[in-house]
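Chemist: My structure is below; once you've seen it, I'll send some questions.
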Amino acid sequence: MVITIIYEEFLFFHELSRDWIDRKVVYSTLLLYRRQLVLRYLSISSSVLTSKKVIKMSRPLHRGVPAIRVTSSSNGLLDSQVKEQIEKEELDRNQSSHRFPFWSLFSDNSPLTKYDATDNGFASDPFIVGTPRSRHRLTILLLKSSLVVIVILALTGSFWWTLSISTSSRGHIFHSSRRLQEQLVSDLWDIGELSFGTSRMKEIEFCPGELENYIPCFNVSENLDSGFSDGNEYDRVCRQGSRQNCLVLPPMNYKIPLRWPTGRDIIWVANVKITGQEVFTSGSLTKRMMMLEEEQISFRSASLMFDGVEDYSHQIAEMIGLRNESNFIQAGIRTILDIGCGYGSFGAHLFSEQILTICIANYESSGSQVQLTLERGLPAMIGSFSSKQLPYPSLSFDLLHCARCGIDWDKNDGSFLIEVDRVLRPGGYFVWTSPLINVQSSLRNKEKQKRWNFVRDFAENLCWELMSQQDETVVWKKTSKKTCYNSRISGSGPSICSKVQDVEFPYYRPLQNCIGGMHSRRWVPIEERATWPSRSNLNPSELALYGLHLDELNEDTANYRIIVRNYWSLLSPLIFSDHPKRPGDEDPSPPYNMLRNVLDMNARYGGLNAALLEARKSVWVMNVVPTTGPKYLPLILDRGYFGVLHDWCEAFPTYPRTYDMVHAEGLLSLESSQHWRCTMLDIFTEIDRMLRPEGWIIIRDAALLIDSARVLTRRLKWEARVIEIESNNDERLLICQKPFFKRQPS
């Protein structure tokens with residue numbers, strides 16, 4: 001039984017040691033533990049053998065040993081002889097044990113002789129099976145022999161294990177005490193997770209079917225119950241405990257979106273929540289260009305309709321004073337905020353002209369403009385003008401566009417127009433298309449005329465120049481000179497915000513009734529900025545506004561060139577591993593259009609965005625700057641990219657399944673420095689909600705945090721692997737892919 005216990009625990013520990021080779025923990029500690037384990041069993045075995053000897057000596061004499069007749073006359077002689085014999089045997093035994101210490105393992109506390117003498121004078125072979133004493137000695141000998149073999153195997157295994165580590169993993173063994181400590185803590189984290197049992201390591205459950213379009217912080221019914229009205233029920237309200245840690249499943253017949261540019265014009269009906277009635281009855285000019293087919297929705301921007309997007313954008317260019325929309329870049333227009341964008345056809349058309357258009361619209365439970373726009377591979381996010389400022393810095397966009405966007409600009413004492421002015425750059429344009437602008441209809445309707453007059457006069461008090469008005473479209477140009485505000489008639493318009501009110505990085509603050517952005521050092525007219533793509537490389541004077549040097553930006557750009565190249569090569573083996581190829585051939589590189597919608601959770605200077613565009617990948621990047629980190633969002637926007645401010649302990653304002661890849665560099669370290677205001681699991685479930693099936697997650701962070709994150713990926717059912725970074729031993733990469741779980745029919 002002792003042999004069985006020793007052998008089973010030896011096999012268990014041997015398998016455990018094999019699993020821990022990959023963990024690269026403190027090897028000397030493990031070896032010491034293994035040797036102590038063997039010594040412990042040696043001690044147990046010795047106690048067992050001692051107990052067996054006591055039992056043996058208490059038994060009657062074995063057969064074959066002659067009986068001694070005891071008489072009263074011979075008692076003294078017998079006692080003397082027995083005493084002398086015992087002393088002699090004890091002396092011989094002590095001498096033998098000192099002379100042969102290793103051989104004493106086989107002894108039964110008596111010298112091992114070649115034979116035992118009987119009273120007949122013949123030698124009695126101790127290994128003769130026929131006698132009980134011989135069988136007992138044979139059993140003891142086999143027991144001790146097995147123990148020695150196990151000891152030899154244990155020592156040999158330990159030596160082989162140590163040798164294999166030193167040879168095969170020599171390049172990965174840590175050489176600094178800091179790395180040893182971090183690795184030990186990481187392993188203790190894993191052990192701690194395991195010690196909590198199935199309650200902690202249990203996989204996260206799937207959300208109910210009715211939550212397939214679940215967006216935390218947007219609950220219209222709950223807002224109505226709380227007293228919100230007049231459009232405020234669509235506001236973003238992040239209540240305590242509003243987040244549900246479950247995995248959102250795709251709709252029943254969900255299909256992977258088509259790749260760009262095909263996916264721009266054709267999407268799967270089952271992937272979005274919209275009805276045929278919503279397609280055909282929509283009033284937006286871009287919505288009316290949708291064609292509903294059997295399983296697809298088709299968008300055709302080159303329509304022959306009167307209000308086609310091509311004709312419409314051409315009209316806007318002429319109203320600004322340009323020949324056509326291809327001259328937007330030369331006029332200093334690169335980034336456009338499209339309010340109530342329909343389904344993104346205006347931005348889709350301008351994308352070919354290197355114009356970056358971001359769509360914002362209210363939350364909609366069905367027929368969402370934002371959801372369909374993102375499904376087409378176009379930038380979009382949920383945003384509302386109802387009561388709060390947008391999460392963008394002041395002076396962020398070159399043009400704001402509203403085509404029948406549903407906003408009553410004359411309401412709320414003009415605060416909506418003040419917010420437009422805040423995010424619009426000096427010299428930027430505001431384009432508004434609405435039936436309210438039609439002069440003929442306004443003359444017949446006094447109420448419409450009153451509303452139009454209010455907007456026109458208020459825009460003039462904001463120092464906007466009315467450039468052109470045609471049919472239902474009007475174009476204003478924001479002033480490039482601050483002196484204009486001082487030349488206004490006193491009391492004729494909104495006042496200028498004080499330095500306390502003029503917050504450059506508002507995060508869903510209440511709308512202001514004063515003009516913002518006037519105290520910003522970034523007050524530079526769009527005509528004086530470099531045109532795209534030169535704009536992405538800011539000059540030293542522009543970088544000085546952010547406390548940066550040109551060398552820092554160039555170094556960041558060079559690093560991300562290498563990073564993007566490595567990312568692309570890391571994704572390829574997993575994607576194309578099932579493709580036939582010749583032996584020895586490398587996996588083919590992923591196609592340039594493998595990804596379209598990319599979200600960078602900690603964008604810093606926008607280096608990932610710059611490197612992806614430089615590598616000619618067909619992507620757009622949502623650059624997110626955490627509220628707890630350095631505020632470089634204006635820098636990103638000034639480079640001609642798009643970005644937003646966000647707190648990652650709250651839900652991001654987007655629908656489920658909207659991004660092909662999520663990237664996070666240093667985000668976990670940033671949240672750790674803030675003492676984890678929310679858990680890592682909260683952040684990861686939000687990533688899973690935003691990510692499309694078969695989408696990718698790339699996390700780069702400190703080794704300790706990556707190891708902790710690796711444990712959570714099992715609960716999220718992600719396919720994951722950790723990659724060592726050769727140039728940086730303190731950081732690691734975690735590459736994950738979200739599986740495609742299909743909803744089963746109920």
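In the structure tokens, chains take letters A, B, ... by order of appearance, with residues numbered from 1 within each chain and ligands from 1 in the order shown.
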How close does each residue of range 634-722 of chain A get to range 512-534 of chain A, giving the shortest atom pair and distance in Å to one decimal for every residue with an atom at most 10 Å away, counting only C-alpha atoms, sorted by chain and residue number, as JSON lines?
Modeler:
```
{"residue": "A:Pro634", "atom": "CA", "partner": "A:Arg522", "partner_atom": "CA", "distance": 8.6}
{"residue": "A:Leu635", "atom": "CA", "partner": "A:Arg522", "partner_atom": "CA", "distance": 9.7}
{"residue": "A:Asp638", "atom": "CA", "partner": "A:Arg522", "partner_atom": "CA", "distance": 8.9}
{"residue": "A:Arg639", "atom": "CA", "partner": "A:Ser534", "partner_atom": "CA", "distance": 8.7}
{"residue": "A:Gly640", "atom": "CA", "partner": "A:Trp532", "partner_atom": "CA", "distance": 7.2}
```
Chemist: Mind listing the strand (DSSP E) residues of range 527-677 of chain A, per DSSP on the backbone, as a PDB file with all heavy atoms, in the first residue's frame?
Modeler:
```pdb
ATOM      1  N   ASN A 597     -13.255  47.983 -38.949  1.00  0.00           N
ATOM      2  CA  ASN A 597     -13.535  48.803 -37.766  1.00  0.00           C
ATOM      3  C   ASN A 597     -12.564  48.425 -36.650  1.00  0.00           C
ATOM      4  O   ASN A 597     -12.605  47.300 -36.148  1.00  0.00           O
ATOM      5  CB  ASN A 597     -14.970  48.590 -37.276  1.00  0.00           C
ATOM      6  CG  ASN A 597     -16.007  48.950 -38.332  1.00  0.00           C
ATOM      7  OD1 ASN A 597     -15.678  49.437 -39.400  1.00  0.00           O
ATOM      8  ND2 ASN A 597     -17.265  48.709 -38.024  1.00  0.00           N
ATOM      9  N   VAL A 598     -11.713  49.351 -36.258  1.00  0.00           N
ATOM     10  CA  VAL A 598     -10.707  49.104 -35.224  1.00  0.00           C
ATOM     11  C   VAL A 598     -10.914  50.097 -34.090  1.00  0.00           C
ATOM     12  O   VAL A 598     -11.124  51.297 -34.335  1.00  0.00           O
ATOM     13  CB  VAL A 598      -9.277  49.236 -35.792  1.00  0.00           C
ATOM     14  CG1 VAL A 598      -8.242  49.093 -34.685  1.00  0.00           C
ATOM     15  CG2 VAL A 598      -9.045  48.195 -36.871  1.00  0.00           C
ATOM     16  N   LEU A 599     -10.849  49.604 -32.857  1.00  0.00           N
ATOM     17  CA  LEU A 599     -10.979  50.464 -31.682  1.00  0.00           C
ATOM     18  C   LEU A 599      -9.704  50.372 -30.863  1.00  0.00           C
ATOM     19  O   LEU A 599      -9.283  49.286 -30.479  1.00  0.00           O
ATOM     20  CB  LEU A 599     -12.191  50.049 -30.842  1.00  0.00           C
ATOM     21  CG  LEU A 599     -12.524  50.966 -29.658  1.00  0.00           C
ATOM     22  CD1 LEU A 599     -14.033  51.120 -29.507  1.00  0.00           C
ATOM     23  CD2 LEU A 599     -11.957  50.423 -28.349  1.00  0.00           C
ATOM     24  N   ASP A 600      -9.075  51.525 -30.624  1.00  0.00           N
ATOM     25  CA  ASP A 600      -7.870  51.608 -29.798  1.00  0.00           C
ATOM     26  C   ASP A 600      -8.262  52.188 -28.447  1.00  0.00           C
ATOM     27  O   ASP A 600      -8.600  53.368 -28.338  1.00  0.00           O
ATOM     28  CB  ASP A 600      -6.817  52.487 -30.483  1.00  0.00           C
ATOM     29  CG  ASP A 600      -5.440  52.338 -29.853  1.00  0.00           C
ATOM     30  OD1 ASP A 600      -5.330  51.647 -28.824  1.00  0.00           O
ATOM     31  OD2 ASP A 600      -4.468  52.912 -30.392  1.00  0.00           O
ATOM     32  N   TRP A 620     -10.453  52.138 -40.467  1.00  0.00           N
ATOM     33  CA  TRP A 620     -10.589  53.397 -39.746  1.00  0.00           C
ATOM     34  C   TRP A 620     -10.480  53.040 -38.268  1.00  0.00           C
ATOM     35  O   TRP A 620     -10.838  51.943 -37.850  1.00  0.00           O
ATOM     36  CB  TRP A 620     -11.905  54.104 -40.059  1.00  0.00           C
ATOM     37  CG  TRP A 620     -13.119  53.419 -39.509  1.00  0.00           C
ATOM     38  CD1 TRP A 620     -13.865  52.454 -40.103  1.00  0.00           C
ATOM     39  CD2 TRP A 620     -13.716  53.671 -38.221  1.00  0.00           C
ATOM     40  NE1 TRP A 620     -14.895  52.067 -39.291  1.00  0.00           N
ATOM     41  CE2 TRP A 620     -14.831  52.798 -38.114  1.00  0.00           C
ATOM     42  CE3 TRP A 620     -13.434  54.528 -37.163  1.00  0.00           C
ATOM     43  CZ2 TRP A 620     -15.656  52.764 -36.993  1.00  0.00           C
ATOM     44  CZ3 TRP A 620     -14.244  54.497 -36.037  1.00  0.00           C
ATOM     45  CH2 TRP A 620     -15.341  53.629 -35.968  1.00  0.00           C
ATOM     46  N   VAL A 621      -9.982  53.965 -37.465  1.00  0.00           N
ATOM     47  CA  VAL A 621      -9.693  53.683 -36.065  1.00  0.00           C
ATOM     48  C   VAL A 621     -10.477  54.645 -35.174  1.00  0.00           C
ATOM     49  O   VAL A 621     -10.438  55.866 -35.379  1.00  0.00           O
ATOM     50  CB  VAL A 621      -8.187  53.812 -35.760  1.00  0.00           C
ATOM     51  CG1 VAL A 621      -7.908  53.514 -34.286  1.00  0.00           C
ATOM     52  CG2 VAL A 621      -7.380  52.862 -36.646  1.00  0.00           C
ATOM     53  N   MET A 622     -11.193  54.078 -34.215  1.00  0.00           N
ATOM     54  CA  MET A 622     -11.809  54.866 -33.153  1.00  0.00           C
ATOM     55  C   MET A 622     -10.764  55.022 -32.055  1.00  0.00           C
ATOM     56  O   MET A 622     -10.522  54.110 -31.258  1.00  0.00           O
ATOM     57  CB  MET A 622     -13.056  54.167 -32.617  1.00  0.00           C
ATOM     58  CG  MET A 622     -13.712  54.883 -31.435  1.00  0.00           C
ATOM     59  SD  MET A 622     -14.491  56.439 -31.883  1.00  0.00           S
ATOM     60  CE  MET A 622     -16.000  55.847 -32.660  1.00  0.00           C
ATOM     61  N   ASN A 623     -10.108  56.176 -32.020  1.00  0.00           N
ATOM     62  CA  ASN A 623      -9.076  56.448 -31.020  1.00  0.00           C
ATOM     63  C   ASN A 623      -9.738  56.920 -29.729  1.00  0.00           C
ATOM     64  O   ASN A 623     -10.356  57.986 -29.696  1.00  0.00           O
ATOM     65  CB  ASN A 623      -8.112  57.519 -31.530  1.00  0.00           C
ATOM     66  CG  ASN A 623      -7.343  57.068 -32.755  1.00  0.00           C
ATOM     67  OD1 ASN A 623      -6.430  56.260 -32.668  1.00  0.00           O
ATOM     68  ND2 ASN A 623      -7.725  57.600 -33.910  1.00  0.00           N
ATOM     69  N   VAL A 624      -9.602  56.125 -28.684  1.00  0.00           N
ATOM     70  CA  VAL A 624     -10.217  56.457 -27.399  1.00  0.00           C
ATOM     71  C   VAL A 624      -9.124  56.877 -26.428  1.00  0.00           C
ATOM     72  O   VAL A 624      -8.111  56.181 -26.271  1.00  0.00           O
ATOM     73  CB  VAL A 624     -11.002  55.263 -26.835  1.00  0.00           C
ATOM     74  CG1 VAL A 624     -11.664  55.638 -25.511  1.00  0.00           C
ATOM     75  CG2 VAL A 624     -12.055  54.795 -27.835  1.00  0.00           C
ATOM     76  N   VAL A 625      -9.332  58.010 -25.781  1.00  0.00           N
ATOM     77  CA  VAL A 625      -8.424  58.500 -24.745  1.00  0.00           C
ATOM     78  C   VAL A 625      -9.131  58.339 -23.406  1.00  0.00           C
ATOM     79  O   VAL A 625     -10.177  58.961 -23.185  1.00  0.00           O
ATOM     80  CB  VAL A 625      -8.025  59.961 -24.988  1.00  0.00           C
ATOM     81  CG1 VAL A 625      -7.213  60.493 -23.826  1.00  0.00           C
ATOM     82  CG2 VAL A 625      -7.251  60.091 -26.294  1.00  0.00           C
ATOM     83  N   PRO A 626      -8.618  57.496 -22.503  1.00  0.00           N
ATOM     84  CA  PRO A 626      -9.281  57.306 -21.210  1.00  0.00           C
ATOM     85  C   PRO A 626      -9.296  58.593 -20.394  1.00  0.00           C
ATOM     86  O   PRO A 626      -8.361  59.401 -20.443  1.00  0.00           O
ATOM     87  CB  PRO A 626      -8.422  56.224 -20.526  1.00  0.00           C
ATOM     88  CG  PRO A 626      -7.688  55.545 -21.646  1.00  0.00           C
ATOM     89  CD  PRO A 626      -7.466  56.600 -22.679  1.00  0.00           C
ATOM     90  N   GLY A 643     -11.331  60.771 -32.671  1.00  0.00           N
ATOM     91  CA  GLY A 643     -11.135  60.264 -31.320  1.00  0.00           C
ATOM     92  C   GLY A 643     -12.223  60.742 -30.384  1.00  0.00           C
ATOM     93  O   GLY A 643     -12.993  61.662 -30.702  1.00  0.00           O
ATOM     94  N   VAL A 644     -12.268  60.114 -29.214  1.00  0.00           N
ATOM     95  CA  VAL A 644     -13.302  60.439 -28.241  1.00  0.00           C
ATOM     96  C   VAL A 644     -12.753  60.191 -26.845  1.00  0.00           C
ATOM     97  O   VAL A 644     -11.859  59.359 -26.643  1.00  0.00           O
ATOM     98  CB  VAL A 644     -14.576  59.588 -28.494  1.00  0.00           C
ATOM     99  CG1 VAL A 644     -14.292  58.115 -28.265  1.00  0.00           C
ATOM    100  CG2 VAL A 644     -15.740  60.057 -27.642  1.00  0.00           C
ATOM    101  N   LEU A 645     -13.279  60.913 -25.883  1.00  0.00           N
ATOM    102  CA  LEU A 645     -12.923  60.742 -24.482  1.00  0.00           C
ATOM    103  C   LEU A 645     -13.877  59.720 -23.865  1.00  0.00           C
ATOM    104  O   LEU A 645     -15.087  59.751 -24.128  1.00  0.00           O
ATOM    105  CB  LEU A 645     -13.040  62.083 -23.759  1.00  0.00           C
ATOM    106  CG  LEU A 645     -12.344  62.251 -22.408  1.00  0.00           C
ATOM    107  CD1 LEU A 645     -10.832  62.174 -22.579  1.00  0.00           C
ATOM    108  CD2 LEU A 645     -12.740  63.584 -21.779  1.00  0.00           C
ATOM    109  N   HIS A 646     -13.331  58.808 -23.039  1.00  0.00           N
ATOM    110  CA  HIS A 646     -14.210  57.781 -22.460  1.00  0.00           C
ATOM    111  C   HIS A 646     -13.632  57.234 -21.165  1.00  0.00           C
ATOM    112  O   HIS A 646     -12.410  57.150 -20.990  1.00  0.00           O
ATOM    113  CB  HIS A 646     -14.424  56.630 -23.447  1.00  0.00           C
ATOM    114  CG  HIS A 646     -15.393  55.597 -22.960  1.00  0.00           C
ATOM    115  ND1 HIS A 646     -16.724  55.870 -22.771  1.00  0.00           N
ATOM    116  CD2 HIS A 646     -15.214  54.303 -22.588  1.00  0.00           C
ATOM    117  CE1 HIS A 646     -17.332  54.788 -22.326  1.00  0.00           C
ATOM    118  NE2 HIS A 646     -16.438  53.829 -22.192  1.00  0.00           N
ATOM    119  N   TYR A 659     -17.075  46.087 -33.872  1.00  0.00           N
ATOM    120  CA  TYR A 659     -15.655  46.271 -34.175  1.00  0.00           C
ATOM    121  C   TYR A 659     -14.995  44.939 -34.526  1.00  0.00           C
ATOM    122  O   TYR A 659     -15.299  43.899 -33.940  1.00  0.00           O
ATOM    123  CB  TYR A 659     -14.927  46.928 -32.995  1.00  0.00           C
ATOM    124  CG  TYR A 659     -15.277  48.390 -32.858  1.00  0.00           C
ATOM    125  CD1 TYR A 659     -16.287  48.805 -31.995  1.00  0.00           C
ATOM    126  CD2 TYR A 659     -14.622  49.351 -33.626  1.00  0.00           C
ATOM    127  CE1 TYR A 659     -16.635  50.147 -31.897  1.00  0.00           C
ATOM    128  CE2 TYR A 659     -14.967  50.683 -33.535  1.00  0.00           C
ATOM    129  CZ  TYR A 659     -15.968  51.083 -32.669  1.00  0.00           C
ATOM    130  OH  TYR A 659     -16.308  52.406 -32.583  1.00  0.00           O
ATOM    131  N   ASP A 660     -14.082  45.012 -35.511  1.00  0.00           N
ATOM    132  CA  ASP A 660     -13.338  43.827 -35.950  1.00  0.00           C
ATOM    133  C   ASP A 660     -12.130  43.553 -35.072  1.00  0.00           C
ATOM    134  O   ASP A 660     -11.697  42.403 -34.950  1.00  0.00           O
ATOM    135  CB  ASP A 660     -12.860  44.008 -37.402  1.00  0.00           C
ATOM    136  CG  ASP A 660     -14.010  44.228 -38.360  1.00  0.00           C
ATOM    137  OD1 ASP A 660     -14.923  43.387 -38.389  1.00  0.00           O
ATOM    138  OD2 ASP A 660     -14.009  45.252 -39.074  1.00  0.00           O
ATOM    139  N   MET A 661     -11.552  44.591 -34.491  1.00  0.00           N
ATOM    140  CA  MET A 661     -10.385  44.426 -33.627  1.00  0.00           C
ATOM    141  C   MET A 661     -10.400  45.487 -32.538  1.00  0.00           C
ATOM    142  O   MET A 661     -10.732  46.645 -32.798  1.00  0.00           O
ATOM    143  CB  MET A 661      -9.074  44.513 -34.418  1.00  0.00           C
ATOM    144  CG  MET A 661      -7.844  44.149 -33.595  1.00  0.00           C
ATOM    145  SD  MET A 661      -6.289  44.290 -34.508  1.00  0.00           S
ATOM    146  CE  MET A 661      -5.920  46.033 -34.282  1.00  0.00           C
ATOM    147  N   VAL A 662     -10.043  45.074 -31.335  1.00  0.00           N
ATOM    148  CA  VAL A 662      -9.885  45.988 -30.201  1.00  0.00           C
ATOM    149  C   VAL A 662      -8.441  45.901 -29.736  1.00  0.00           C
ATOM    150  O   VAL A 662      -7.920  44.804 -29.510  1.00  0.00           O
ATOM    151  CB  VAL A 662     -10.850  45.622 -29.056  1.00  0.00           C
ATOM    152  CG1 VAL A 662     -10.565  46.487 -27.840  1.00  0.00           C
ATOM    153  CG2 VAL A 662     -12.302  45.792 -29.508  1.00  0.00           C
ATOM    154  N   HIS A 663      -7.806  47.053 -29.612  1.00  0.00           N
ATOM    155  CA  HIS A 663      -6.395  47.121 -29.221  1.00  0.00           C
ATOM    156  C   HIS A 663      -6.279  47.909 -27.928  1.00  0.00           C
ATOM    157  O   HIS A 663      -6.941  48.943 -27.750  1.00  0.00           O
ATOM    158  CB  HIS A 663      -5.579  47.794 -30.331  1.00  0.00           C
ATOM    159  CG  HIS A 663      -4.141  48.029 -29.967  1.00  0.00           C
ATOM    160  ND1 HIS A 663      -3.661  49.268 -29.562  1.00  0.00           N
ATOM    161  CD2 HIS A 663      -3.079  47.191 -29.941  1.00  0.00           C
ATOM    162  CE1 HIS A 663      -2.370  49.179 -29.315  1.00  0.00           C
ATOM    163  NE2 HIS A 663      -1.986  47.937 -29.525  1.00  0.00           N
ATOM    164  N   ALA A 664      -5.463  47.412 -27.022  1.00  0.00           N
ATOM    165  CA  ALA A 664      -5.260  48.105 -25.744  1.00  0.00           C
ATOM    166  C   ALA A 664      -3.799  47.964 -25.336  1.00  0.00           C
ATOM    167  O   ALA A 664      -3.347  46.869 -25.026  1.00  0.00           O
ATOM    168  CB  ALA A 664      -6.175  47.534 -24.666  1.00  0.00           C
ATOM    169  N   GLU A 665      -3.086  49.059 -25.348  1.00  0.00           N
ATOM    170  CA  GLU A 665      -1.689  49.072 -24.894  1.00  0.00           C
ATOM    171  C   GLU A 665      -1.592  49.921 -23.634  1.00  0.00           C
ATOM    172  O   GLU A 665      -1.891  51.116 -23.650  1.00  0.00           O
ATOM    173  CB  GLU A 665      -0.756  49.623 -25.964  1.00  0.00           C
ATOM    174  CG  GLU A 665       0.699  49.650 -25.496  1.00  0.00           C
ATOM    175  CD  GLU A 665       1.654  50.159 -26.552  1.00  0.00           C
ATOM    176  OE1 GLU A 665       1.210  50.416 -27.685  1.00  0.00           O
ATOM    177  OE2 GLU A 665       2.857  50.308 -26.242  1.00  0.00           O
TER     178      GLU A 665
END
```
Chemist: What gap, in Å, lies between CA of Met381 in chain A and CA of Val237 in chain A?
Modeler: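 Straight-line distance from CA of Met381 in chain A to CA of Val237 in chain A works out to 15.6 Å.
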Chemist: Quick one: of A:Thr373, A:Gln389, A:Ser368, A:Asn728, who's nearest to Arg236 in chain A, counting only C-alpha atoms?
Modeler: A:Gln389
Chemist: Given the choices A:Leu668, A:Ile339, A:Val423, A:Ile699, which gets closest to Pro506 in chain A if the distance is worked out from only C-alpha atoms?
Modeler: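 Result for the nearest residue to Pro506 in chain A: A:Val423.
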Chemist: When you look at Trp464 in chain A with a cut-off of 12 Å (counting only C-alpha atoms), what residues show up, excluding the ones that are within fewer than 3 positions of it in the same chain? I need them as a PyMOL selection string.
Modeler: chain A and resi 417-418+420-421+424-431+455-461+467-468+474-482+484-485+488+493
Chemist: Okay, now the selection with N, CA and C atoms, as a tab-separated table (two decimals), in the first residue's frame?
Modeler:
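The result, written out as result09.tsv:
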```tsv
chain	number	residue	atom	x	y	z
A	417	LEU	N	-26.97	75.06	-30.87
A	417	LEU	CA	-26.09	75.77	-31.80
A	417	LEU	C	-24.79	76.19	-31.11
A	418	ILE	N	-24.86	76.53	-29.82
A	418	ILE	CA	-23.65	76.88	-29.07
A	418	ILE	C	-22.71	75.68	-28.99
A	420	VAL	N	-22.55	73.26	-31.23
A	420	VAL	CA	-21.97	73.14	-32.57
A	420	VAL	C	-20.78	74.09	-32.70
A	421	ASP	N	-20.94	75.33	-32.25
A	421	ASP	CA	-19.86	76.31	-32.33
A	421	ASP	C	-18.64	75.86	-31.52
A	424	LEU	N	-16.66	73.15	-33.41
A	424	LEU	CA	-16.26	73.54	-34.77
A	424	LEU	C	-14.98	74.37	-34.72
A	425	ARG	N	-14.05	74.04	-35.60
A	425	ARG	CA	-12.80	74.79	-35.67
A	425	ARG	C	-13.02	76.18	-36.27
A	426	PRO	N	-12.15	77.11	-35.95
A	426	PRO	CA	-12.24	78.44	-36.59
A	426	PRO	C	-12.16	78.31	-38.11
A	427	GLY	N	-13.07	78.95	-38.80
A	427	GLY	CA	-13.12	78.84	-40.25
A	427	GLY	C	-13.85	77.62	-40.74
A	428	GLY	N	-14.40	76.81	-39.82
A	428	GLY	CA	-15.12	75.61	-40.20
A	428	GLY	C	-16.54	75.90	-40.68
A	429	TYR	N	-17.24	74.88	-41.17
A	429	TYR	CA	-18.55	75.06	-41.82
A	429	TYR	C	-19.63	74.27	-41.09
A	430	PHE	N	-20.83	74.85	-41.07
A	430	PHE	CA	-22.01	74.15	-40.59
A	430	PHE	C	-23.02	74.08	-41.73
A	431	VAL	N	-23.35	72.83	-42.14
A	431	VAL	CA	-24.27	72.59	-43.26
A	431	VAL	C	-25.55	72.01	-42.69
A	455	VAL	N	-33.04	80.84	-35.87
A	455	VAL	CA	-31.77	80.16	-36.15
A	455	VAL	C	-30.83	81.07	-36.92
A	456	ARG	N	-31.35	81.78	-37.91
A	456	ARG	CA	-30.51	82.66	-38.73
A	456	ARG	C	-29.91	83.78	-37.88
A	457	ASP	N	-30.71	84.41	-37.05
A	457	ASP	CA	-30.22	85.51	-36.22
A	457	ASP	C	-29.24	85.01	-35.15
A	458	PHE	N	-29.53	83.85	-34.58
A	458	PHE	CA	-28.65	83.32	-33.55
A	458	PHE	C	-27.29	82.96	-34.14
A	459	ALA	N	-27.29	82.39	-35.36
A	459	ALA	CA	-26.04	82.06	-36.02
A	459	ALA	C	-25.21	83.32	-36.29
A	460	GLU	N	-25.88	84.41	-36.61
A	460	GLU	CA	-25.17	85.67	-36.84
A	460	GLU	C	-24.53	86.17	-35.56
A	461	ASN	N	-25.21	85.99	-34.42
A	461	ASN	CA	-24.65	86.42	-33.14
A	461	ASN	C	-23.50	85.52	-32.68
A	467	MET	N	-22.99	81.77	-45.94
A	467	MET	CA	-22.31	81.73	-47.23
A	467	MET	C	-23.26	81.51	-48.39
A	468	SER	N	-24.24	80.62	-48.21
A	468	SER	CA	-25.13	80.31	-49.33
A	468	SER	C	-26.38	79.62	-48.80
A	474	VAL	N	-28.54	75.17	-46.26
A	474	VAL	CA	-27.87	76.43	-45.95
A	474	VAL	C	-26.47	76.09	-45.42
A	475	VAL	N	-25.48	76.95	-45.71
A	475	VAL	CA	-24.10	76.77	-45.27
A	475	VAL	C	-23.64	78.03	-44.55
A	476	TRP	N	-23.15	77.82	-43.29
A	476	TRP	CA	-22.53	78.90	-42.53
A	476	TRP	C	-21.05	78.63	-42.36
A	477	LYS	N	-20.28	79.70	-42.20
A	477	LYS	CA	-18.85	79.59	-41.94
A	477	LYS	C	-18.54	80.29	-40.62
A	478	LYS	N	-17.87	79.56	-39.71
A	478	LYS	CA	-17.51	80.13	-38.42
A	478	LYS	C	-16.36	81.12	-38.59
A	479	THR	N	-16.38	82.16	-37.82
A	479	THR	CA	-15.34	83.18	-37.95
A	479	THR	C	-13.96	82.63	-37.58
A	480	SER	N	-12.95	83.20	-38.19
A	480	SER	CA	-11.57	82.84	-37.88
A	480	SER	C	-10.92	83.85	-36.95
A	481	LYS	N	-11.65	84.93	-36.62
A	481	LYS	CA	-11.08	86.02	-35.84
A	481	LYS	C	-11.83	86.16	-34.52
A	482	LYS	N	-11.10	86.18	-33.43
A	482	LYS	CA	-11.71	86.35	-32.12
A	482	LYS	C	-12.28	87.75	-31.92
A	484	CYS	N	-14.22	89.31	-33.65
A	484	CYS	CA	-15.62	89.42	-34.07
A	484	CYS	C	-16.55	89.42	-32.86
A	485	TYR	N	-16.22	88.64	-31.83
A	485	TYR	CA	-17.12	88.53	-30.67
A	485	TYR	C	-17.17	89.84	-29.87
A	488	ARG	N	-19.63	92.63	-31.44
A	488	ARG	CA	-21.08	92.44	-31.44
A	488	ARG	C	-21.77	93.50	-30.58
A	493	GLY	N	-26.14	88.49	-28.15
A	493	GLY	CA	-25.88	87.07	-28.32
A	493	GLY	C	-25.31	86.45	-27.06
```
Chemist: Name the residues in contact with Val269 in chain A at a cut-off of 12 Å, using only C-alpha atoms, excluding same-chain residues fewer than 4 positions from it; report them as a PyMOL selection string.
Modeler: chain A and resi 251-257+273-276+279+290-298+367+371-372+375-376
Chemist: What lies within 9 Å of Pro653 in chain A using only C-alpha atoms, ignoring chain neighbours under 4 positions off, as a VMD selection string?
Modeler: chain A and resid 215 to 218 236 363 381 to 383
